[in-house]
file input.cif (mmCIF, C-alpha atoms)
data_target
#
loop_
_atom_site.group_PDB
_atom_site.id
_atom_site.type_symbol
_atom_site.label_atom_id
_atom_site.label_comp_id
_atom_site.auth_asym_id
_atom_site.auth_seq_id
_atom_site.Cartn_x
_atom_site.Cartn_y
_atom_site.Cartn_z
ATOM 1 C CA MET B 1 123.106 100.815 73.033
ATOM 2 C CA LYS B 2 119.689 101.587 74.472
ATOM 3 C CA GLY B 3 116.791 99.153 74.146
ATOM 4 C CA VAL B 4 113.030 98.901 74.538
ATOM 5 C CA VAL B 5 111.184 95.749 75.642
ATOM 6 C CA ILE B 6 107.414 95.567 75.364
ATOM 7 C CA GLY B 7 105.416 92.762 76.955
ATOM 8 C CA GLY B 8 101.752 91.915 76.963
ATOM 9 C CA SER B 9 99.099 89.267 76.803
ATOM 10 C CA THR B 10 95.312 89.340 76.492
ATOM 11 C CA GLY B 11 94.263 92.667 74.974
ATOM 12 C CA SER B 12 97.769 93.856 74.096
ATOM 13 C CA LEU B 13 97.973 92.925 70.400
ATOM 14 C CA GLY B 14 95.681 95.773 69.392
ATOM 15 C CA VAL B 15 97.796 98.221 71.387
ATOM 16 C CA VAL B 16 100.971 97.016 69.632
ATOM 17 C CA LEU B 17 99.330 97.191 66.195
ATOM 18 C CA ASN B 18 98.156 100.754 66.890
ATOM 19 C CA LEU B 19 101.541 101.741 68.306
ATOM 20 C CA LEU B 20 103.812 100.605 65.483
ATOM 21 C CA PRO B 21 102.534 102.977 62.763
ATOM 22 C CA GLN B 22 103.249 105.854 65.180
ATOM 23 C CA VAL B 23 106.894 104.909 65.801
ATOM 24 C CA ALA B 24 109.213 107.128 63.786
ATOM 25 C CA PRO B 25 111.400 105.284 61.270
ATOM 26 C CA GLU B 26 114.486 107.086 62.604
ATOM 27 C CA ILE B 27 114.356 105.579 66.095
ATOM 28 C CA THR B 28 117.783 104.562 67.357
ATOM 29 C CA VAL B 29 116.782 101.647 69.600
ATOM 30 C CA PRO B 30 115.766 98.047 68.960
ATOM 31 C CA LEU B 31 112.183 97.189 69.927
ATOM 32 C CA ILE B 32 111.795 93.735 71.473
ATOM 33 C CA ILE B 33 108.168 92.573 71.662
ATOM 34 C CA VAL B 34 107.051 89.631 73.794
ATOM 35 C CA LEU B 35 103.392 88.671 73.481
ATOM 36 C CA HIS B 36 101.801 85.546 74.881
ATOM 37 C CA ARG B 37 100.759 83.442 71.916
ATOM 38 C CA LYS B 38 99.694 79.959 71.014
ATOM 39 C CA GLY B 39 102.337 77.257 70.807
ATOM 40 C CA ASP B 40 102.357 76.935 67.030
ATOM 41 C CA ALA B 41 105.313 77.520 64.747
ATOM 42 C CA GLY B 42 103.489 79.921 62.437
ATOM 43 C CA THR B 43 104.825 83.358 61.604
ATOM 44 C CA SER B 44 101.510 85.133 61.165
ATOM 45 C CA LEU B 45 102.120 87.419 64.173
ATOM 46 C CA GLU B 46 105.429 88.630 62.722
ATOM 47 C CA ASP B 47 103.769 89.162 59.335
ATOM 48 C CA LEU B 48 100.903 91.083 60.931
ATOM 49 C CA ILE B 49 103.307 93.263 62.896
ATOM 50 C CA ALA B 50 105.437 93.871 59.791
ATOM 51 C CA SER B 51 102.333 95.059 57.908
ATOM 52 C CA LYS B 52 101.841 97.847 60.490
ATOM 53 C CA THR B 53 105.283 99.453 60.474
ATOM 54 C CA VAL B 54 107.918 100.832 58.140
ATOM 55 C CA LEU B 55 110.543 99.459 60.522
ATOM 56 C CA THR B 56 112.186 96.168 59.633
ATOM 57 C CA VAL B 57 110.719 93.252 61.573
ATOM 58 C CA GLU B 58 113.463 90.664 62.096
ATOM 59 C CA ARG B 59 112.531 87.007 62.300
ATOM 60 C CA VAL B 60 114.212 85.900 65.504
ATOM 61 C CA GLU B 61 116.280 82.761 65.351
ATOM 62 C CA ASP B 62 118.796 81.596 67.918
ATOM 63 C CA LYS B 63 121.752 84.023 68.055
ATOM 64 C CA THR B 64 120.048 86.882 66.201
ATOM 65 C CA PRO B 65 121.988 90.131 66.772
ATOM 66 C CA LEU B 66 120.006 93.136 68.005
ATOM 67 C CA GLU B 67 120.135 96.162 65.733
ATOM 68 C CA PRO B 68 118.880 99.685 66.368
ATOM 69 C CA GLY B 69 115.725 100.701 64.555
ATOM 70 C CA LYS B 70 114.429 97.155 64.085
ATOM 71 C CA VAL B 71 111.573 95.224 65.664
ATOM 72 C CA PHE B 72 112.199 91.780 67.167
ATOM 73 C CA VAL B 73 109.194 89.605 68.058
ATOM 74 C CA ALA B 74 109.523 86.673 70.454
ATOM 75 C CA PRO B 75 108.702 83.527 68.466
ATOM 76 C CA SER B 76 106.029 81.086 69.484
ATOM 77 C CA ASP B 77 106.860 78.466 72.122
ATOM 78 C CA TYR B 78 110.347 79.803 72.996
ATOM 79 C CA HIS B 79 111.597 82.043 75.760
ATOM 80 C CA LEU B 80 113.503 84.972 74.262
ATOM 81 C CA LEU B 81 116.721 85.898 76.082
ATOM 82 C CA VAL B 82 118.945 88.925 75.569
ATOM 83 C CA GLU B 83 122.628 88.067 75.975
ATOM 84 C CA LYS B 84 125.419 90.446 77.008
ATOM 85 C CA GLU B 85 126.693 90.876 73.455
ATOM 86 C CA TYR B 86 123.245 92.166 72.381
ATOM 87 C CA ILE B 87 122.413 88.797 70.890
ATOM 88 C CA LEU B 88 118.960 87.205 71.125
ATOM 89 C CA SER B 89 118.869 83.552 72.043
ATOM 90 C CA LEU B 90 115.982 81.108 72.233
ATOM 91 C CA ASP B 91 115.231 78.719 75.075
ATOM 92 C CA SER B 92 112.631 75.959 75.300
ATOM 93 C CA SER B 93 112.778 75.416 79.069
ATOM 94 C CA GLU B 94 109.628 75.101 81.191
ATOM 95 C CA LYS B 95 106.830 77.622 80.866
ATOM 96 C CA VAL B 96 106.790 80.490 83.354
ATOM 97 C CA LEU B 97 103.338 81.406 84.658
ATOM 98 C CA PHE B 98 101.910 79.079 81.993
ATOM 99 C CA SER B 99 103.627 81.054 79.232
ATOM 100 C CA ARG B 100 106.405 80.508 76.720
ATOM 101 C CA PRO B 101 107.508 83.055 75.703
ATOM 102 C CA SER B 102 107.572 84.546 79.177
ATOM 103 C CA ILE B 103 107.664 88.306 79.571
ATOM 104 C CA ASP B 104 109.562 87.954 82.869
ATOM 105 C CA VAL B 105 112.315 85.861 81.257
ATOM 106 C CA THR B 106 112.889 88.398 78.466
ATOM 107 C CA PHE B 107 112.650 91.440 80.741
ATOM 108 C CA GLN B 108 115.076 89.933 83.284
ATOM 109 C CA SER B 109 117.685 89.000 80.687
ATOM 110 C CA ALA B 110 117.319 92.384 78.977
ATOM 111 C CA ALA B 111 117.797 94.140 82.334
ATOM 112 C CA HIS B 112 121.005 92.175 82.858
ATOM 113 C CA CYS B 113 122.241 93.108 79.363
ATOM 114 C CA PHE B 114 121.151 96.745 79.037
ATOM 115 C CA GLY B 115 121.167 97.914 82.680
ATOM 116 C CA THR B 116 120.325 101.617 82.848
ATOM 117 C CA ASN B 117 119.842 101.737 79.070
ATOM 118 C CA LEU B 118 116.573 99.784 79.047
ATOM 119 C CA LEU B 119 112.964 100.934 78.862
ATOM 120 C CA GLY B 120 110.481 98.219 79.888
ATOM 121 C CA ILE B 121 106.834 98.626 78.885
ATOM 122 C CA LEU B 122 104.109 96.331 80.212
ATOM 123 C CA LEU B 123 100.700 96.211 78.551
ATOM 124 C CA SER B 124 97.342 94.523 79.114
ATOM 125 C CA GLY B 125 97.191 90.883 80.178
ATOM 126 C CA ALA B 126 95.389 88.252 82.219
ATOM 127 C CA ASN B 127 98.161 87.033 84.539
ATOM 128 C CA ARG B 128 101.064 88.521 86.517
ATOM 129 C CA ASP B 129 103.830 87.711 83.985
ATOM 130 C CA GLY B 130 105.971 90.822 83.590
ATOM 131 C CA ALA B 131 105.874 92.113 87.173
ATOM 132 C CA ASP B 132 109.080 90.334 88.225
ATOM 133 C CA GLY B 133 110.739 91.357 84.970
ATOM 134 C CA LEU B 134 109.876 95.002 85.522
ATOM 135 C CA SER B 135 111.292 94.709 89.042
ATOM 136 C CA ALA B 136 114.556 93.480 87.513
ATOM 137 C CA ILE B 137 114.619 96.392 85.056
ATOM 138 C CA LYS B 138 113.989 98.862 87.877
ATOM 139 C CA ALA B 139 116.693 97.247 90.060
ATOM 140 C CA ALA B 140 119.176 97.532 87.165
ATOM 141 C CA GLY B 141 118.440 101.267 86.887
ATOM 142 C CA GLY B 142 116.293 101.081 83.764
ATOM 143 C CA MET B 143 113.055 102.934 83.130
ATOM 144 C CA VAL B 144 109.705 101.208 83.712
ATOM 145 C CA ALA B 145 106.318 102.058 82.183
ATOM 146 C CA ILE B 146 103.017 100.304 82.877
ATOM 147 C CA GLN B 147 99.751 100.669 80.983
ATOM 148 C CA ASP B 148 97.072 102.223 83.173
ATOM 149 C CA PRO B 149 94.874 99.305 84.285
ATOM 150 C CA LEU B 150 91.815 101.496 83.619
ATOM 151 C CA ASN B 151 92.980 101.855 79.996
ATOM 152 C CA ALA B 152 93.885 98.165 79.542
ATOM 153 C CA ALA B 153 91.581 95.591 77.937
ATOM 154 C CA ASN B 154 92.594 93.234 80.756
ATOM 155 C CA ALA B 155 93.842 94.936 83.914
ATOM 156 C CA VAL B 156 95.312 91.917 85.740
ATOM 157 C CA MET B 157 98.868 92.176 84.332
ATOM 158 C CA PRO B 158 99.407 95.925 84.742
ATOM 159 C CA GLN B 159 97.690 95.901 88.146
ATOM 160 C CA ALA B 160 99.972 93.091 89.405
ATOM 161 C CA ALA B 161 103.006 95.108 88.315
ATOM 162 C CA LEU B 162 101.704 98.269 89.987
ATOM 163 C CA GLU B 163 101.234 96.367 93.231
ATOM 164 C CA GLN B 164 104.853 95.169 93.084
ATOM 165 C CA ILE B 165 106.837 98.223 91.941
ATOM 166 C CA ARG B 166 106.636 101.968 91.550
ATOM 167 C CA PRO B 167 106.949 102.671 87.803
ATOM 168 C CA ASP B 168 108.462 105.738 86.203
ATOM 169 C CA PHE B 169 105.325 106.116 84.075
ATOM 170 C CA VAL B 170 101.727 104.898 84.096
ATOM 171 C CA PHE B 171 100.377 105.569 80.621
ATOM 172 C CA LYS B 172 97.420 105.284 78.315
ATOM 173 C CA ASP B 173 98.089 103.373 75.102
ATOM 174 C CA LYS B 174 98.219 106.615 73.083
ATOM 175 C CA ASP B 175 101.256 107.744 75.110
ATOM 176 C CA ILE B 176 103.568 104.834 74.234
ATOM 177 C CA ALA B 177 105.019 106.129 70.948
ATOM 178 C CA PRO B 178 106.027 109.520 72.436
ATOM 179 C CA LEU B 179 107.720 107.673 75.312
ATOM 180 C CA ILE B 180 109.678 105.467 72.889
ATOM 181 C CA HIS B 181 110.682 108.543 70.865
ATOM 182 C CA TYR B 182 111.864 110.284 74.027
ATOM 183 C CA TRP B 183 113.860 107.206 75.076
ATOM 184 C CA SER B 184 115.373 106.977 71.606
ATOM 185 C CA GLY B 185 116.482 110.614 71.730
ATOM 186 C CA LEU B 186 113.858 111.895 69.288
ATOM 187 C CA THR B 187 112.708 114.684 71.589
ATOM 188 C CA SER B 188 110.901 116.426 68.748
ATOM 189 C CA HIS B 189 108.316 113.612 68.913
ATOM 190 C CA ARG B 190 107.390 114.121 72.589
#
call {"tool": "encode", "arguments": {"input": "input.cif", "output": "structure tokens"}}
result
Amino acid sequence: MKGVVIGGSTGSLGVVLNLLPQVAPEITVPLIIVLHRKGDAGTSLEDLIASKTVLTVERVEDKTPLEPGKVFVAPSDYHLLVEKEYILSLDSSEKVLFSRPSIDVTFQSAAHCFGTNLLGILLSGANRDGADGLSAIKAAGGMVAIQDPLNAANAVMPQAALEQIRPDFVFKDKDIAPLIHYWSGLTSHR
């Protein structure tokens, strides 16, 4: 199975909400989204994301199986881990770079699970969370894409990643859906 992980913080929610209506309903990969969010237990982010896509948005609980063509959103105040059996697990260990969920934690575990079958996408944000995770994806042979800092609402996160690794793609937000379609094998959507 192939997978896509998308991470972001300050300024990335709008990008995700604009992206989802563009993603074709016939995609053959799961989309795992990790956004920094407040430490409340509310589900409003999942509801908002679900309102923008025809894809099914799964509410992630511990031991949720990944399924192609569905969207999985990291819940508030938990790290989201991808296990070898393509199972999502939740962890409440210490914050990483002041964040839980941490983009690095999800990206690193997804790299370990998917290896060369993973596309990691890092969006706008105000800290360097995600750079180490993208390094792990790259080291595992996966594909790495970083939002152009000049196109990001907050350039700190993508710039930190660019200073650490050489990505396969640097993109503007309008280019994300075609990249996901390509990765999913929907070449007609390039």
call {"tool": "closest_residue", "arguments": {"input": "input.cif", "among": "B:Ile32, B:Val16, B:Ala152, B:Ala139", "to": "Lys2 (chain B)", "atoms": "only C-alpha atoms"}}
result
B:Ile32
call {"tool": "resolve_selection", "arguments": {"input": "input.cif", "expression": "the PyMOL selection byres ((chain B and resi 69-73) around 7)", "output": "list in words"}}
result
Glu26, Ile27, Thr28, Val29, Pro30, Leu31, Ile32, Ile33, Val34, Glu46, Leu55, Thr56, Val57, Glu58, Arg59, Val60, Glu67, Pro68, Ala74 and Pro75 of chain B
call {"tool": "residues_around", "arguments": {"input": "input.cif", "residues": "Ser92 (chain B)", "least_positions_apart": "5", "cutoff": "12 Å", "atoms": "all atoms listed in the file", "output": "list in words"}}
result
Gly39, Asp62, Pro75, Ser76, Asp77, Tyr78, His79, Leu80, Leu81, Ser99, Arg100, Pro101, Ser102 and Val105 of chain B
call {"tool": "closest_residue", "arguments": {"input": "input.cif", "among": "B:Leu150, B:Ala160, B:Ile165, B:Ala24", "to": "Leu134 (chain B)", "atoms": "all atoms listed in the file"}}
result
B:Ile165
call {"tool": "resolve_selection", "arguments": {"input": "input.cif", "expression": "the PyMOL selection byres ((chain B and resi 10-12) around 12)", "output": "MDAnalysis selection string"}}
result
chainID B and resid 6:9 13:19 33:38 121:129 147 149 151:158 173
call {"tool": "closest_residue", "arguments": {"input": "input.cif", "among": "B:Val144, B:Leu179, B:Ile137, B:Ala161", "to": "Gln108 (chain B)", "atoms": "all atoms listed in the file"}}
result
B:Ile137
call {"tool": "atom_distance", "arguments": {"input": "input.cif", "atom1": "CA of Ile87 (chain B)", "atom2": "CA of Leu186 (chain B)"}}
result
24.7 Å
call {"tool": "atom_distance", "arguments": {"input": "input.cif", "atom1": "CA of Ala111 (chain B)", "atom2": "CA of Gly130 (chain B)"}}
result
12.3 Å
call {"tool": "residues_around", "arguments": {"input": "input.cif", "residues": "Lys172 (chain B)", "least_positions_apart": "2", "cutoff": "8 Å", "atoms": "all atoms listed in the file", "output": "list in words"}}
result
Gln147, Asp148, Asn151, Val170, Lys174, Asp175 and Ile176 of chain B
call {"tool": "build_atoms", "arguments": {"input": "input.cif", "residues": "region 85-101 of chain B", "atoms": "N, CA and C atoms", "output": "PDB file, in the frame of the given file"}}
result
ATOM      1  N   GLU B  85     126.140  90.335  74.705  1.00  0.00           N
ATOM      2  CA  GLU B  85     126.693  90.876  73.455  1.00  0.00           C
ATOM      3  C   GLU B  85     125.590  91.433  72.553  1.00  0.00           C
ATOM      4  N   TYR B  86     124.406  91.703  73.133  1.00  0.00           N
ATOM      5  CA  TYR B  86     123.245  92.166  72.381  1.00  0.00           C
ATOM      6  C   TYR B  86     122.847  91.160  71.311  1.00  0.00           C
ATOM      7  N   ILE B  87     122.829  89.914  71.736  1.00  0.00           N
ATOM      8  CA  ILE B  87     122.413  88.797  70.890  1.00  0.00           C
ATOM      9  C   ILE B  87     121.147  88.198  71.496  1.00  0.00           C
ATOM     10  N   LEU B  88     120.171  87.868  70.656  1.00  0.00           N
ATOM     11  CA  LEU B  88     118.960  87.205  71.125  1.00  0.00           C
ATOM     12  C   LEU B  88     119.140  85.699  71.019  1.00  0.00           C
ATOM     13  N   SER B  89     118.810  85.012  72.081  1.00  0.00           N
ATOM     14  CA  SER B  89     118.869  83.552  72.043  1.00  0.00           C
ATOM     15  C   SER B  89     117.500  82.997  72.408  1.00  0.00           C
ATOM     16  N   LEU B  90     117.265  81.766  71.997  1.00  0.00           N
ATOM     17  CA  LEU B  90     115.982  81.108  72.233  1.00  0.00           C
ATOM     18  C   LEU B  90     116.180  79.961  73.204  1.00  0.00           C
ATOM     19  N   ASP B  91     115.167  79.749  74.043  1.00  0.00           N
ATOM     20  CA  ASP B  91     115.231  78.719  75.075  1.00  0.00           C
ATOM     21  C   ASP B  91     113.875  78.026  75.157  1.00  0.00           C
ATOM     22  N   SER B  92     113.892  76.710  75.240  1.00  0.00           N
ATOM     23  CA  SER B  92     112.631  75.959  75.300  1.00  0.00           C
ATOM     24  C   SER B  92     112.398  75.339  76.671  1.00  0.00           C
ATOM     25  N   SER B  93     112.974  75.941  77.719  1.00  0.00           N
ATOM     26  CA  SER B  93     112.778  75.416  79.069  1.00  0.00           C
ATOM     27  C   SER B  93     111.315  75.575  79.489  1.00  0.00           C
ATOM     28  N   GLU B  94     110.999  75.121  80.696  1.00  0.00           N
ATOM     29  CA  GLU B  94     109.628  75.101  81.191  1.00  0.00           C
ATOM     30  C   GLU B  94     108.932  76.458  81.064  1.00  0.00           C
ATOM     31  N   LYS B  95     107.625  76.403  80.911  1.00  0.00           N
ATOM     32  CA  LYS B  95     106.830  77.622  80.866  1.00  0.00           C
ATOM     33  C   LYS B  95     106.925  78.353  82.210  1.00  0.00           C
ATOM     34  N   VAL B  96     106.812  79.653  82.161  1.00  0.00           N
ATOM     35  CA  VAL B  96     106.790  80.490  83.354  1.00  0.00           C
ATOM     36  C   VAL B  96     105.412  81.127  83.414  1.00  0.00           C
ATOM     37  N   LEU B  97     104.707  80.921  84.521  1.00  0.00           N
ATOM     38  CA  LEU B  97     103.338  81.406  84.658  1.00  0.00           C
ATOM     39  C   LEU B  97     102.491  80.966  83.458  1.00  0.00           C
ATOM     40  N   PHE B  98     102.658  79.719  83.076  1.00  0.00           N
ATOM     41  CA  PHE B  98     101.910  79.079  81.993  1.00  0.00           C
ATOM     42  C   PHE B  98     102.233  79.647  80.619  1.00  0.00           C
ATOM     43  N   SER B  99     103.328  80.366  80.491  1.00  0.00           N
ATOM     44  CA  SER B  99     103.627  81.054  79.232  1.00  0.00           C
ATOM     45  C   SER B  99     105.038  80.766  78.729  1.00  0.00           C
ATOM     46  N   ARG B 100     105.137  80.581  77.438  1.00  0.00           N
ATOM     47  CA  ARG B 100     106.405  80.508  76.720  1.00  0.00           C
ATOM     48  C   ARG B 100     106.123  81.026  75.318  1.00  0.00           C
ATOM     49  N   PRO B 101     106.502  82.256  75.015  1.00  0.00           N
ATOM     50  CA  PRO B 101     107.508  83.055  75.703  1.00  0.00           C
ATOM     51  C   PRO B 101     106.970  83.707  76.984  1.00  0.00           C
TER      52      PRO B 101
END
